[in-house]
Structures are given as structure tokens and as C-alpha cells.
$ cat input.cif   # mmCIF, C-alpha atoms
data_run
#
loop_
_atom_site.label_atom_id
_atom_site.label_comp_id
_atom_site.auth_asym_id
_atom_site.auth_seq_id
_atom_site.Cartn_x
_atom_site.Cartn_y
_atom_site.Cartn_z
CA MET A 1 -31.06 78.65 23.55
CA ARG A 2 -30.88 78.77 27.33
CA LEU A 3 -33.26 76.73 29.40
CA ARG A 4 -35.96 78.65 31.22
CA PRO A 5 -35.70 78.42 35.01
CA PHE A 6 -37.60 75.51 36.52
CA GLU A 7 -37.96 73.67 39.81
CA LEU A 8 -36.16 70.33 39.88
CA ILE A 9 -37.90 67.68 41.96
CA GLN A 10 -36.14 64.39 42.73
CA PRO A 11 -38.57 61.91 44.30
CA GLU A 12 -37.30 58.66 45.81
CA SER A 13 -40.35 56.51 45.16
CA VAL A 14 -43.04 56.07 42.53
CA THR A 15 -45.62 57.34 45.03
CA GLU A 16 -43.66 60.56 45.52
CA ALA A 17 -43.22 60.96 41.77
CA VAL A 18 -46.96 60.58 41.14
CA ALA A 19 -47.70 63.14 43.86
CA ALA A 20 -45.22 65.63 42.40
CA LEU A 21 -46.64 65.16 38.92
CA GLY A 22 -50.17 65.71 40.17
CA ARG A 23 -49.54 69.07 41.81
CA ALA A 24 -51.75 71.83 40.39
CA ASP A 25 -49.16 74.63 40.35
CA GLY A 26 -48.08 74.86 36.71
CA GLU A 27 -46.87 72.45 34.05
CA ALA A 28 -44.71 69.50 35.11
CA ARG A 29 -42.64 67.16 32.98
CA LEU A 30 -40.93 63.90 33.86
CA ILE A 31 -37.31 63.47 32.89
CA ALA A 32 -35.60 60.11 32.49
CA GLY A 33 -32.69 60.06 30.05
CA GLY A 34 -33.49 63.56 28.82
CA THR A 35 -32.71 62.75 25.18
CA ALA A 36 -36.12 64.04 24.06
CA LEU A 37 -37.15 66.53 26.77
CA VAL A 38 -33.95 68.57 27.00
CA PRO A 39 -33.76 69.36 23.24
CA MET A 40 -37.44 70.37 23.29
CA MET A 41 -36.80 72.67 26.26
CA ARG A 42 -33.76 74.18 24.55
CA LEU A 43 -35.81 74.89 21.43
CA GLY A 44 -38.55 76.49 23.52
CA LEU A 45 -41.14 73.91 22.48
CA VAL A 46 -41.97 73.20 26.11
CA GLY A 47 -41.28 75.26 29.22
CA PRO A 48 -42.34 73.35 32.34
CA GLU A 49 -42.37 75.02 35.73
CA ARG A 50 -41.38 71.70 37.34
CA VAL A 51 -39.11 68.94 36.07
CA ILE A 52 -39.43 65.67 37.95
CA SER A 53 -36.36 63.47 37.74
CA LEU A 54 -36.86 59.72 38.13
CA HIS A 55 -33.18 58.92 38.67
CA ARG A 56 -33.54 58.37 42.43
CA VAL A 57 -36.42 55.89 42.19
CA PRO A 58 -34.65 52.53 42.61
CA GLU A 59 -37.52 50.26 41.56
CA LEU A 60 -37.53 51.81 38.07
CA ASP A 61 -33.98 50.75 37.27
CA ALA A 62 -34.08 46.94 37.18
CA ILE A 63 -34.01 44.14 34.63
CA ARG A 64 -35.55 40.98 36.02
CA ALA A 65 -36.23 37.66 34.31
CA GLU A 66 -39.34 36.06 35.76
CA PRO A 67 -40.95 32.70 34.94
CA GLY A 68 -42.12 33.11 31.36
CA ALA A 69 -41.49 36.84 31.17
CA LEU A 70 -38.96 39.67 31.34
CA ARG A 71 -39.67 42.78 33.42
CA LEU A 72 -37.86 45.98 32.54
CA GLY A 73 -38.03 49.07 34.73
CA ALA A 74 -38.85 52.30 32.92
CA MET A 75 -35.41 53.79 33.71
CA VAL A 76 -33.47 50.93 32.11
CA THR A 77 -31.38 52.36 29.26
CA MET A 78 -31.13 51.10 25.71
CA ALA A 79 -27.50 50.19 26.34
CA ASP A 80 -28.54 48.16 29.40
CA ILE A 81 -31.13 46.26 27.35
CA HIS A 82 -28.72 45.63 24.50
CA ARG A 83 -26.01 44.22 26.79
CA ALA A 84 -27.93 42.49 29.56
CA PRO A 85 -27.37 38.69 29.56
CA ALA A 86 -30.96 38.12 30.72
CA VAL A 87 -32.28 39.97 27.67
CA ARG A 88 -29.87 38.47 25.18
CA SER A 89 -30.49 34.92 26.38
CA GLY A 90 -34.26 34.94 25.86
CA TRP A 91 -35.31 38.18 24.17
CA LEU A 92 -32.65 38.75 21.53
CA LEU A 93 -35.12 40.55 19.26
CA LEU A 94 -35.51 43.27 21.88
CA ALA A 95 -31.77 43.40 22.56
CA ASP A 96 -31.04 43.91 18.86
CA ALA A 97 -33.71 46.59 18.49
CA ALA A 98 -32.40 48.50 21.52
CA GLY A 99 -28.89 48.26 20.06
CA SER A 100 -30.15 49.96 16.89
CA VAL A 101 -31.14 53.18 18.66
CA ALA A 102 -29.12 56.21 17.53
CA THR A 103 -25.53 56.40 18.84
CA PRO A 104 -23.73 54.66 21.73
CA ALA A 105 -23.83 57.92 23.71
CA ILE A 106 -27.58 58.26 23.29
CA ARG A 107 -28.18 54.56 24.04
CA SER A 108 -26.36 55.01 27.34
CA SER A 109 -28.83 57.75 28.36
CA ALA A 110 -32.09 57.00 26.56
CA THR A 111 -34.50 54.95 28.68
CA LEU A 112 -37.12 52.44 27.64
CA GLY A 113 -39.89 54.21 29.52
CA GLY A 114 -38.98 57.56 28.03
CA ASN A 115 -38.84 56.12 24.53
CA LEU A 116 -42.31 54.60 24.80
CA ALA A 117 -43.94 57.50 26.67
CA TYR A 118 -42.60 59.94 24.06
CA ALA A 119 -44.43 57.82 21.45
CA GLU A 120 -41.93 58.39 18.68
CA ALA A 121 -43.42 56.79 15.55
CA ALA A 122 -39.95 55.73 14.40
CA SER A 123 -39.04 54.08 17.71
CA ASP A 124 -36.73 51.08 17.32
CA PRO A 125 -37.78 49.06 20.41
CA ALA A 126 -41.53 49.60 19.91
CA PRO A 127 -41.92 47.24 16.89
CA ALA A 128 -39.93 44.55 18.68
CA LEU A 129 -42.05 44.91 21.80
CA LEU A 130 -45.25 44.76 19.75
CA CYS A 131 -44.06 41.51 18.20
CA LEU A 132 -43.39 40.18 21.68
CA ASP A 133 -46.88 41.14 22.96
CA ALA A 134 -45.43 43.40 25.64
CA GLU A 135 -47.47 45.12 28.33
CA VAL A 136 -46.80 48.38 30.14
CA GLU A 137 -47.25 48.94 33.86
CA ILE A 138 -48.65 52.35 34.78
CA ALA A 139 -48.92 54.12 38.14
CA GLY A 140 -51.10 57.12 38.82
CA PRO A 141 -53.40 58.87 41.29
CA ALA A 142 -56.02 56.12 40.88
CA GLY A 143 -53.51 53.33 41.49
CA GLU A 144 -51.77 50.90 39.18
CA ARG A 145 -52.92 49.39 35.90
CA ILE A 146 -51.52 47.21 33.12
CA LEU A 147 -52.12 47.91 29.45
CA PRO A 148 -51.07 46.00 26.30
CA LEU A 149 -48.53 48.02 24.37
CA SER A 150 -50.77 47.66 21.32
CA ARG A 151 -53.29 49.90 23.12
CA PHE A 152 -50.75 52.27 24.66
CA PHE A 153 -49.97 54.26 21.50
CA THR A 154 -53.04 56.29 20.57
CA GLY A 155 -51.80 58.82 18.00
CA PHE A 156 -48.95 60.97 16.74
CA TYR A 157 -46.79 61.49 19.87
CA GLU A 158 -49.81 60.51 21.98
CA THR A 159 -50.31 57.68 24.46
CA ALA A 160 -53.00 56.31 26.76
CA LEU A 161 -51.34 57.85 29.82
CA GLU A 162 -53.86 59.84 31.85
CA PRO A 163 -52.93 63.09 33.67
CA GLY A 164 -50.65 62.30 36.59
CA GLU A 165 -49.75 58.82 35.37
CA ILE A 166 -46.24 57.40 34.96
CA LEU A 167 -45.10 54.42 32.91
CA THR A 168 -43.16 52.39 35.47
CA ALA A 169 -42.22 49.12 33.75
CA VAL A 170 -42.57 46.96 30.66
CA ARG A 171 -43.39 43.26 30.90
CA VAL A 172 -42.33 41.11 27.95
CA PRO A 173 -43.65 37.54 27.67
CA ALA A 174 -41.31 34.82 26.46
CA ALA A 175 -41.40 34.17 22.72
CA PRO A 176 -43.15 30.99 21.50
CA ALA A 177 -40.99 27.87 21.40
CA GLY A 178 -38.97 27.60 18.21
CA ALA A 179 -39.53 31.23 17.22
CA ARG A 180 -37.07 33.01 14.97
CA ALA A 181 -37.13 36.79 15.06
CA GLY A 182 -35.31 39.86 13.84
CA TYR A 183 -35.36 43.64 13.58
CA ILE A 184 -34.18 45.62 10.60
CA LYS A 185 -34.24 49.36 9.96
CA PHE A 186 -33.64 51.51 6.90
CA CYS A 187 -32.02 54.92 7.35
CA PRO A 188 -31.24 56.62 4.01
CA ARG A 189 -28.90 59.20 5.54
CA SER A 190 -27.10 57.55 8.45
CA ALA A 191 -27.34 54.28 10.36
CA GLU A 192 -27.59 56.37 13.53
CA ASP A 193 -30.65 58.30 12.32
CA LYS A 194 -34.28 57.59 13.08
CA ALA A 195 -35.65 54.76 11.00
CA LEU A 196 -37.44 55.78 7.84
CA VAL A 197 -38.79 52.24 8.04
CA GLY A 198 -38.22 49.83 10.92
CA VAL A 199 -39.52 46.26 10.76
CA ALA A 200 -39.64 43.57 13.43
CA ALA A 201 -40.89 40.06 12.76
CA LEU A 202 -41.32 36.89 14.79
CA LEU A 203 -42.09 33.59 13.05
CA VAL A 204 -42.73 30.03 14.13
CA LEU A 205 -42.29 27.55 11.28
CA ASP A 206 -43.36 23.92 11.30
CA PRO A 207 -40.09 21.93 11.42
CA GLY A 208 -41.48 19.23 9.14
CA THR A 209 -43.30 21.20 6.44
CA GLY A 210 -41.75 24.65 6.76
CA ARG A 211 -45.23 26.19 6.88
CA CYS A 212 -45.78 29.23 9.05
CA ARG A 213 -47.58 28.35 12.25
CA HIS A 214 -47.40 31.80 13.78
CA ALA A 215 -46.38 35.22 12.48
CA ARG A 216 -46.07 38.64 14.06
CA ILE A 217 -44.91 41.67 12.09
CA ALA A 218 -44.63 45.22 13.45
CA MET A 219 -43.38 48.42 11.87
CA GLY A 220 -42.11 51.82 12.92
CA GLY A 221 -41.83 55.06 10.96
CA VAL A 222 -44.69 54.17 8.59
CA ALA A 223 -47.74 55.44 10.52
CA PRO A 224 -48.48 57.97 13.27
CA THR A 225 -47.54 55.23 15.76
CA ALA A 226 -45.67 51.94 15.67
CA ILE A 227 -48.15 49.33 14.42
CA ARG A 228 -48.73 45.59 14.03
CA ALA A 229 -49.23 44.55 10.40
CA VAL A 230 -52.06 42.12 11.12
CA ARG A 231 -53.13 41.60 7.51
CA ALA A 232 -49.57 40.79 6.53
CA GLU A 233 -49.43 38.30 9.39
CA SER A 234 -52.61 36.60 8.20
CA ARG A 235 -51.15 36.24 4.68
CA LEU A 236 -48.37 34.08 6.14
CA SER A 237 -50.54 31.82 8.26
CA GLY A 238 -50.26 28.23 7.03
CA GLN A 239 -48.06 29.24 4.12
CA THR A 240 -44.62 27.97 3.17
CA LEU A 241 -42.31 30.93 3.60
CA ASP A 242 -41.20 31.16 -0.02
CA ASP A 243 -40.66 34.21 -2.21
CA ARG A 244 -44.34 34.42 -3.21
CA ALA A 245 -45.55 34.37 0.39
CA SER A 246 -42.96 36.96 1.42
CA ARG A 247 -43.96 39.27 -1.43
CA GLU A 248 -47.67 38.95 -0.64
CA ALA A 249 -47.05 39.69 3.03
CA ALA A 250 -44.87 42.68 2.12
CA ASP A 251 -47.58 44.04 -0.18
CA ALA A 252 -50.15 43.63 2.59
CA ALA A 253 -47.86 45.43 5.06
CA ALA A 254 -47.43 48.32 2.62
CA ALA A 255 -51.21 48.58 2.27
CA GLU A 256 -51.55 48.73 6.08
CA ALA A 257 -48.97 51.50 6.41
CA ASP A 258 -50.23 55.05 6.83
CA PRO A 259 -47.02 57.05 6.44
CA LEU A 260 -46.47 60.78 6.57
CA SER A 261 -44.27 62.70 4.17
CA ASP A 262 -41.33 64.58 5.69
CA LEU A 263 -37.76 65.59 4.90
CA MET A 264 -36.61 61.97 5.03
CA GLY A 265 -39.03 60.77 2.36
CA SER A 266 -42.49 60.95 0.89
CA ALA A 267 -45.37 58.74 1.97
CA ASP A 268 -45.20 56.81 -1.32
CA TYR A 269 -41.47 56.23 -0.87
CA ARG A 270 -42.03 54.90 2.64
CA ARG A 271 -44.64 52.45 1.35
CA ASP A 272 -42.19 51.23 -1.27
CA MET A 273 -39.58 50.75 1.43
CA VAL A 274 -42.06 48.80 3.55
CA ARG A 275 -42.37 46.32 0.68
CA VAL A 276 -38.59 46.07 0.38
CA TRP A 277 -37.73 45.64 4.04
CA VAL A 278 -40.62 43.41 5.09
CA ARG A 279 -39.82 41.07 2.23
CA ARG A 280 -36.11 41.17 3.01
CA LEU A 281 -36.60 40.40 6.70
CA LEU A 282 -39.03 37.56 6.02
CA THR A 283 -36.65 36.07 3.47
CA ARG A 284 -33.78 36.13 5.91
CA LEU A 285 -35.84 34.65 8.71
CA GLY A 286 -37.10 31.96 6.35
CA ASP A 287 -33.50 31.10 5.59
CA ASP A 288 -32.75 31.36 9.35
CA ARG A 289 -30.19 34.10 8.74
CA PRO A 290 -29.69 37.17 10.93
CA PRO A 291 -31.26 40.34 9.51
CA GLY A 292 -27.96 42.18 8.97
CA PRO A 293 -27.43 45.93 8.49
CA ALA A 294 -29.49 48.14 6.21
CA SER A 295 -28.21 50.56 3.63
CA HIS A 296 -29.65 52.82 0.96
CA HIS A 297 -27.98 50.92 -1.86
CA ASP A 298 -29.22 47.55 -0.66
CA ALA A 299 -32.79 48.84 -0.70
CA ALA A 300 -32.42 50.21 -4.20
CA ARG A 301 -31.42 46.79 -5.55
CA GLU A 302 -34.56 45.01 -4.31
#
$ encode --input "input.cif" --output "C-alpha cells"
Amino acid sequence: MRLRPFELIQPESVTEAVAALGRADGEARLIAGGTALVPMMRLGLVGPERVISLHRVPELDAIRAEPGALRLGAMVTMADIHRAPAVRSGWLLLADAAGSVATPAIRSSATLGGNLAYAEAASDPAPALLCLDAEVEIAGPAGERILPLSRFFTGFYETALEPGEILTAVRVPAAPAGARAGYIKFCPRSAEDKALVGVAALLVLDPGTGRCRHARIAMGGVAPTAIRAVRAESRLSGQTLDDRASREAADAAAAEADPLSDLMGSADYRRDMVRVWVRRLLTRLGDDRPPGPASHHDAARE
């Protein structure tokens, strides 16, 4: 299907972009990598009168390591995140999650800001960022504000962005000392597909006793938004990370999931897969092994 005619606006600053988005003459949409918006426009799902490209806004395209944190501009691509030495040296969980997105061609176009603002429930970077207690920086007509990512996703393809607001950056605190972390996804059809279940976890184990001092678990594809599995985290607190603890945490995570049924799988199947993949990731992190790839047959053997 051909795209409907639209006005292309190319601001050169965040202030100009906010002004263009706030104009009252018809619907406007922001475009970053275009991996979500362009297909929707081709299918006729949206037909904006104005498309505002963010490609000429230089402050949105930077990766900067700061004391105790990493700041990622909204226009940074998944490929940039996956490869950047600054990310890989201190935020490998995020680098691995970004490297799990779709295909190399899509990773080279898809942006972090676009991924989060689109609020895809099966987002790969969102669970990793939730485990890392990330915050989003937002600019709008009323000025700038900062919001925890845990409060940014509000519903199925919905976010806390107000009319005229733009997600400009993501700030990621450094992981706790001694943390081990990983991201694993299960795609029953293709490794390049959206995750039927995506799980990120970050653990801090006592070096003497092996007991869990700190646990963060987040999941994608199993609820209307990416979520933290807080009850599963509490099951691990103070526990030795053995098979029993991993199973109990996986059961708690499955109980917290609120999946939808679709062509990829039923809600019950997704809950079963939550149990499988949360347990698998926790076991591997307990053994201090990398998560490794996912496959349909591996899941069936659990």
C-alpha cells in the first residue's frame, strides 16, 4: 500500500521538535528508525498529516558514560548499543538485550527511544532496562522531566508521554558491585522474531555463603507491558540459589504474568514458558554461566 501524502518536518533541536509536535493542524507523528511507524503507515493503521524526523537533532544521538551511570540518546540504535565499548564494559546486560532485537538490518535502524515509546510488550531492551532501574528523560511544552522506566509503561502500547512530549534520553545507573546478569528470549518460530517470552535477571550473591543479596527479574511478552517480577525477586532474597529456589521464583514469576493469547501462543502456554525460562536463566546465573541461545526444543525438555 502506498503511503498517504504527508508533510515532512526535520527540526534541528529538541525545542524545534517539541514545537512541531505541538502544532494544532492535524495529526503528527515522530519518526526515528521508522521500523514501527512506516509499516503502520503502509498498512493504513495511521495516516499523520505531519511526520517529524528526529535525525537532525544531534543531542539525541549520543552514548555517554557518566560517573555511576550511562546516558543513551533516544536516537541511538540497537546496533550502536550492542557494539559500543562503553555499554559492553559496564552494562553488558543491556548490550546483549539490544543485540537480541530482530535482524542486523533492523538493529541498525531501530532506535532505543522509538522502541520504548512504541511500548511493545515483547521489547527486548525493556526488561534489561527495568532490571537496571533505568530512567527516561522527557521533553515537552511544560519543560523537561525524568521518570522511572517502571512508571513509563502504562498499558498495551501506551506510555506516560503527555501530548507534545518526546522521549529524549535514557539514563541507566551502574549495576551493583559483583552483580551477574543476563537476558534470554524464547521465540518458537525464529530467533529473529519477537520474544514469546523474554527474561532479564540481575543477581548479587554473597561470595561466602552463595545466598542472594539482591535480585531483579523483568519479563517481556507476558503482560500488556514489560514488567518487573517483584514477587519472584522476593522469593530469592536471602536464599541459596539452588534448584528449589529457582523453581519457586519461576513459579512466582508465572503467577505474576498476565499474558495475552495470540498466534504465537496461548496465555497458558506463555505462563508455562515463563516457568521454563526464568528457572533456566536463574540456574545459569547461579552457575555463573552466560545465558546462551534459546530454542523451541530446549524449552520442551525442561
$ resolve_selection --input "input.cif" --expression "the PyMOL selection byres ((chain A and resi 187) around 8)" --output "VMD selection string"
chain A and resid 185 to 186 188 to 197 294 to 296
$ write_last_selection --input "input.cif" --atoms "C-alpha atoms" --output "short mmCIF file (atom, residue, chain, number, x, y, z; two decimals), in the frame of the given file"
data_model
loop_
_atom_site.label_atom_id
_atom_site.label_comp_id
_atom_site.auth_asym_id
_atom_site.auth_seq_id
_atom_site.Cartn_x
_atom_site.Cartn_y
_atom_site.Cartn_z
CA LYS A 185 -34.24 49.36 9.96
CA PHE A 186 -33.64 51.51 6.90
CA PRO A 188 -31.24 56.62 4.01
CA ARG A 189 -28.90 59.20 5.54
CA SER A 190 -27.10 57.55 8.45
CA ALA A 191 -27.34 54.28 10.36
CA GLU A 192 -27.59 56.37 13.53
CA ASP A 193 -30.65 58.30 12.32
CA LYS A 194 -34.28 57.59 13.08
CA ALA A 195 -35.65 54.76 11.00
CA LEU A 196 -37.44 55.78 7.84
CA VAL A 197 -38.79 52.24 8.04
CA ALA A 294 -29.49 48.14 6.21
CA SER A 295 -28.21 50.56 3.63
CA HIS A 296 -29.65 52.82 0.96
#
$ resolve_selection --input "input.cif" --expression "the PyMOL selection byres ((chain A and resi 110) around 10)" --output "list in words"
Ala32, Gly33, Gly34, Thr35, Ala36, Met75, Val76, Thr77, Met78, Ala79, Asp80, Ala98, Val101, Ala102, Pro104, Ala105, Ile106, Arg107, Ser108, Ser109, Thr111, Leu112, Gly113, Gly114 and Asn115 of chain A
$ resolve_selection --input "input.cif" --expression "the PyMOL selection byres ((chain A and resi 203-209) around 10)" --output "list in words"
Cys131, Ala175, Pro176, Ala177, Gly178, Ala179, Arg180, Ala181, Gly182, Ala201, Leu202, Gly210, Arg211, Cys212, Arg213, His214, Ala215, Arg216, Ile217, Glu233, Leu236, Ser237, Gly238, Gln239, Thr240, Leu241, Leu282, Leu285 and Gly286 of chain A
$ residues_around --input "input.cif" --residues "Leu93 of chain A" --least-positions-apart "4" --cutoff "12 Å" --atoms "all atoms listed in the file" --output "PyMOL selection string"
chain A and resi 81-82+87-89+97-100+124-132+172+174-175+179-184+199-203+290-291
$ closest_residue --input "input.cif" --among "A:Val14, A:Gly26, A:Ala218, A:Leu94" --to "Ile138 of chain A" --atoms "all atoms listed in the file"
A:Val14
$ atom_distance --input "input.cif" --atom1 "atom CA of Ser123 of chain A" --atom2 "atom CA of Leu3 of chain A"
26.1 Å
$ atom_distance --input "input.cif" --atom1 "atom CA of Arg2 of chain A" --atom2 "atom CA of Ile52 of chain A"
18.9 Å
$ atom_distance --input "input.cif" --atom1 "atom CA of Arg279 of chain A" --atom2 "atom CA of Ala257 of chain A"
14.5 Å
$ closest_residue --input "input.cif" --among "A:Arg284, A:Leu70, A:Thr168, A:Glu16" --to "Leu92 of chain A" --atoms "all atoms listed in the file"
A:Leu70
$ closest_residue --input "input.cif" --among "A:Ala169, A:Ala19, A:Ala28, A:Ile146" --to "Leu72 of chain A" --atoms "all atoms listed in the file"
A:Ala169
$ closest_residue --input "input.cif" --among "A:Ile63, A:Arg83, A:Phe6, A:Trp91" --to "Arg50 of chain A" --atoms "all atoms listed in the file"
A:Phe6
$ residues_around --input "input.cif" --residues "Thr159 of chain A" --least-positions-apart "2" --cutoff "10 Å" --atoms "only C-alpha atoms" --output "ChimeraX atom specification"
/A:116-119,149,151-157,161-162,225
$ closest_residue --input "input.cif" --among "A:Met40, A:Glu137, A:Ser266, A:Glu165" --to "Ala20 of chain A" --atoms "all atoms listed in the file"
A:Glu165
$ residues_around --input "input.cif" --residues "Asp242 of chain A" --least-positions-apart "3" --cutoff "8 Å" --atoms "all atoms listed in the file" --output "PyMOL selection string"
chain A and resi 245-246+283+286
$ decode --input "input.cif" --residues "segment 212-241 of chain A" --atoms "C-alpha atoms" --output "mmCIF file, in the first residue's frame"
data_model
loop_
_atom_site.group_PDB
_atom_site.id
_atom_site.type_symbol
_atom_site.label_atom_id
_atom_site.label_comp_id
_atom_site.auth_asym_id
_atom_site.auth_seq_id
_atom_site.Cartn_x
_atom_site.Cartn_y
_atom_site.Cartn_z
ATOM 1 C CA CYS A 212 21.137 -13.997 47.190
ATOM 2 C CA ARG A 213 21.669 -10.490 48.497
ATOM 3 C CA HIS A 214 19.822 -8.743 45.702
ATOM 4 C CA ALA A 215 17.615 -9.915 42.836
ATOM 5 C CA ARG A 216 15.902 -8.167 39.964
ATOM 6 C CA ILE A 217 13.841 -10.051 37.397
ATOM 7 C CA ALA A 218 11.945 -8.480 34.492
ATOM 8 C CA MET A 219 9.945 -10.020 31.675
ATOM 9 C CA GLY A 220 8.665 -9.093 28.236
ATOM 10 C CA GLY A 221 5.913 -10.649 26.138
ATOM 11 C CA VAL A 222 3.986 -11.948 29.163
ATOM 12 C CA ALA A 223 1.799 -8.948 30.064
ATOM 13 C CA PRO A 224 0.429 -5.840 28.330
ATOM 14 C CA THR A 225 3.763 -4.169 29.151
ATOM 15 C CA ALA A 226 7.239 -5.285 30.148
ATOM 16 C CA ILE A 227 7.135 -5.873 33.914
ATOM 17 C CA ARG A 228 9.297 -6.461 36.985
ATOM 18 C CA ALA A 229 8.548 -9.787 38.699
ATOM 19 C CA VAL A 230 8.730 -8.403 42.231
ATOM 20 C CA ARG A 231 7.259 -11.450 43.969
ATOM 21 C CA ALA A 232 9.744 -13.696 42.231
ATOM 22 C CA GLU A 233 12.526 -11.366 43.360
ATOM 23 C CA SER A 234 11.358 -11.561 46.968
ATOM 24 C CA ARG A 235 11.389 -15.379 46.829
ATOM 25 C CA LEU A 236 15.133 -15.248 46.128
ATOM 26 C CA SER A 237 16.055 -12.775 48.843
ATOM 27 C CA GLY A 238 18.386 -14.422 51.367
ATOM 28 C CA GLN A 239 18.111 -17.785 49.641
ATOM 29 C CA THR A 240 20.854 -20.015 48.298
ATOM 30 C CA LEU A 241 20.349 -20.082 44.549
#
